[in-house]
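First comes the structure, then the notes that go with it.
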Amino acid sequence: MTPIKVLVNGVMGKMGQEVLKTLCAENDLVPFAGADILVKDESMVLPDNSGSMPVSDSLEEVISSTDVVVDFSNADGALSVIRTASAHKVNAVIGSTGLNDDQVKEAESLARENQICIIIAPNFAVGAVLMTYVAGLVSRFFDYADLTEMHHEAKIDAPSGTALSIAKSVINGKDGTFISHKAEKELVSGTRGGTLDGVSIHSVRMPGLVAHHELVFGANGQTLTIRHDSISRESFMPGVMLAIRRAIGPPGLMLGLDQIMGL
């Protein structure tokens, strides 16, 4: 079987480096090229010292002959990657969050027009995907829900894309709104966090964290807590590899790892 040639966009970043390291250990995947605005040279030695690959500060220069491009930038950067990949008939795996409805619709149109597969997922940790799924199953039994998400201080968006996915899952599962209690005296503005259809959402940002989500359902005399912790970026790699392999399958847009997992 011919190995799948993978281009890592943002190869100099922490996630890009983790993806690159994982690719080197996969028999059916090969790190084919890298792109990053911080790249200074024309090639990069692979983490396992098995060889080198071409790199560039321009995705356009290295995307030719690639099977799948993987991107973990931001919403605007992801859309640019999707447009470039589509123009070259290259499949894309997007781990960036924050894409709005219009951007998702454009991605869907580009996938259809160019007969490629585009996978956009807010979280590639299998446990986080399972948490989102389970939360949607049990939400109809509760009227109160508080969601806390905690990430490293460099994360630019709040709440996280995963937190929004969890909140939307519990809302859809309940098919209605939750009750969000308002304090009679809020001594510090915003203490109760933001709300989405009654689900209270709180964001924590500080060093020492990777990605953590805790959902607490409440009812008279009881609570139910569902929590997932990504201790290191290694937690995302099985999901990323799963998405890369699926990306060379039937064309179209896929939102979320849950579809690939059969949930």
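Each chain in the structure tokens gets a letter, A, B and so on, in the order shown; residues start at 1 in every chain, and ligands are counted from 1 in the order they appear.
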Considering only C-alpha atoms, return as a PyMOL selection string whatever protein or nucleic-acid residues lie within 9 Å of Asn91 (chain A), sequence-local ones (same chain, fewer than 2 positions apart) excluded.
chain A and resi 66-70+82+85-86+88-89+93+111+115-119+244+247-248+251
Which parts of region 55-201 of chain A does DSSP call helix (DSSP H, G or I) when run on the backbone here, written out as a ChimeraX atom specification?
/A:59-62,75-87,101-114,126-141,161-174
Selection to disk with C-alpha atoms, as a short mmCIF file (atom, residue, chain, number, x, y, z; two decimals), in the first residue's frame:
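Written out: selection_35.cif:
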data_model
loop_
_atom_site.label_atom_id
_atom_site.label_comp_id
_atom_site.auth_asym_id
_atom_site.auth_seq_id
_atom_site.Cartn_x
_atom_site.Cartn_y
_atom_site.Cartn_z
CA LEU A 59 2.06 26.63 1.71
CA GLU A 60 1.64 27.18 -2.02
CA GLU A 61 5.28 26.23 -2.66
CA VAL A 62 5.18 22.77 -1.02
CA ALA A 75 -9.97 30.39 11.87
CA ASP A 76 -8.59 32.83 9.30
CA GLY A 77 -5.47 30.75 8.72
CA ALA A 78 -7.55 27.58 8.40
CA LEU A 79 -9.78 29.11 5.73
CA SER A 80 -6.70 30.14 3.76
CA VAL A 81 -5.36 26.58 4.01
CA ILE A 82 -8.72 25.16 2.88
CA ARG A 83 -8.76 27.47 -0.17
CA THR A 84 -5.18 26.61 -1.13
CA ALA A 85 -5.70 22.88 -0.62
CA SER A 86 -8.91 22.96 -2.67
CA ALA A 87 -7.19 24.74 -5.55
CA ASP A 101 -21.16 29.40 9.67
CA ASP A 102 -20.24 31.21 6.45
CA GLN A 103 -16.70 29.82 6.54
CA VAL A 104 -17.99 26.30 7.12
CA LYS A 105 -20.40 26.69 4.20
CA GLU A 106 -17.52 27.82 1.99
CA ALA A 107 -15.49 24.77 3.05
CA GLU A 108 -18.43 22.52 2.22
CA SER A 109 -18.80 24.12 -1.21
CA LEU A 110 -15.06 23.82 -1.95
CA ALA A 111 -15.01 20.16 -0.92
CA ARG A 112 -17.94 19.41 -3.22
CA GLU A 113 -16.66 21.42 -6.18
CA ASN A 114 -13.12 19.99 -6.02
CA VAL A 126 -11.06 10.65 21.54
CA GLY A 127 -12.06 11.07 25.19
CA ALA A 128 -13.29 14.63 24.59
CA VAL A 129 -15.38 13.46 21.64
CA LEU A 130 -16.89 10.70 23.80
CA MET A 131 -17.61 13.23 26.56
CA THR A 132 -19.52 15.43 24.10
CA TYR A 133 -21.52 12.44 22.87
CA VAL A 134 -22.38 11.10 26.35
CA ALA A 135 -23.33 14.58 27.59
CA GLY A 136 -25.92 14.83 24.84
CA LEU A 137 -27.43 11.49 25.84
CA VAL A 138 -28.02 12.37 29.51
CA SER A 139 -28.85 16.10 29.28
CA ARG A 140 -32.62 15.59 28.97
CA PHE A 141 -32.75 14.39 32.57
CA GLY A 161 -14.46 25.19 20.38
CA THR A 162 -14.82 21.96 22.32
CA ALA A 163 -16.75 23.72 25.08
CA LEU A 164 -19.14 25.13 22.50
CA SER A 165 -19.56 21.66 20.98
CA ILE A 166 -20.33 20.19 24.41
CA ALA A 167 -22.83 22.95 25.18
CA LYS A 168 -24.58 22.52 21.84
CA SER A 169 -24.68 18.75 22.35
CA VAL A 170 -26.42 19.02 25.73
CA ILE A 171 -28.83 21.64 24.38
CA ASN A 172 -29.74 19.47 21.40
CA GLY A 173 -30.07 16.42 23.67
CA LYS A 174 -32.47 18.25 25.95
#
Distance table requested - region 219-255 of chain A against region 10-14 of chain A, cut-off 12 Å, only C-alpha atoms: one row per qualifying residue with the closest atom pair and its distance in Å to one decimal, ordered by chain and rising residue number, as a tab-separated table.
residue	atom	partner	partner_atom	distance
A:Ser232	CA	A:Lys14	CA	10.8
A:Arg233	CA	A:Lys14	CA	8.3
A:Glu234	CA	A:Lys14	CA	10.8
Which residue gives the smallest distance to Glu18 (chain A) among A:Gly256, A:Pro3, A:Pro238, A:Gly218, with only C-alpha atoms counted?
A:Pro238
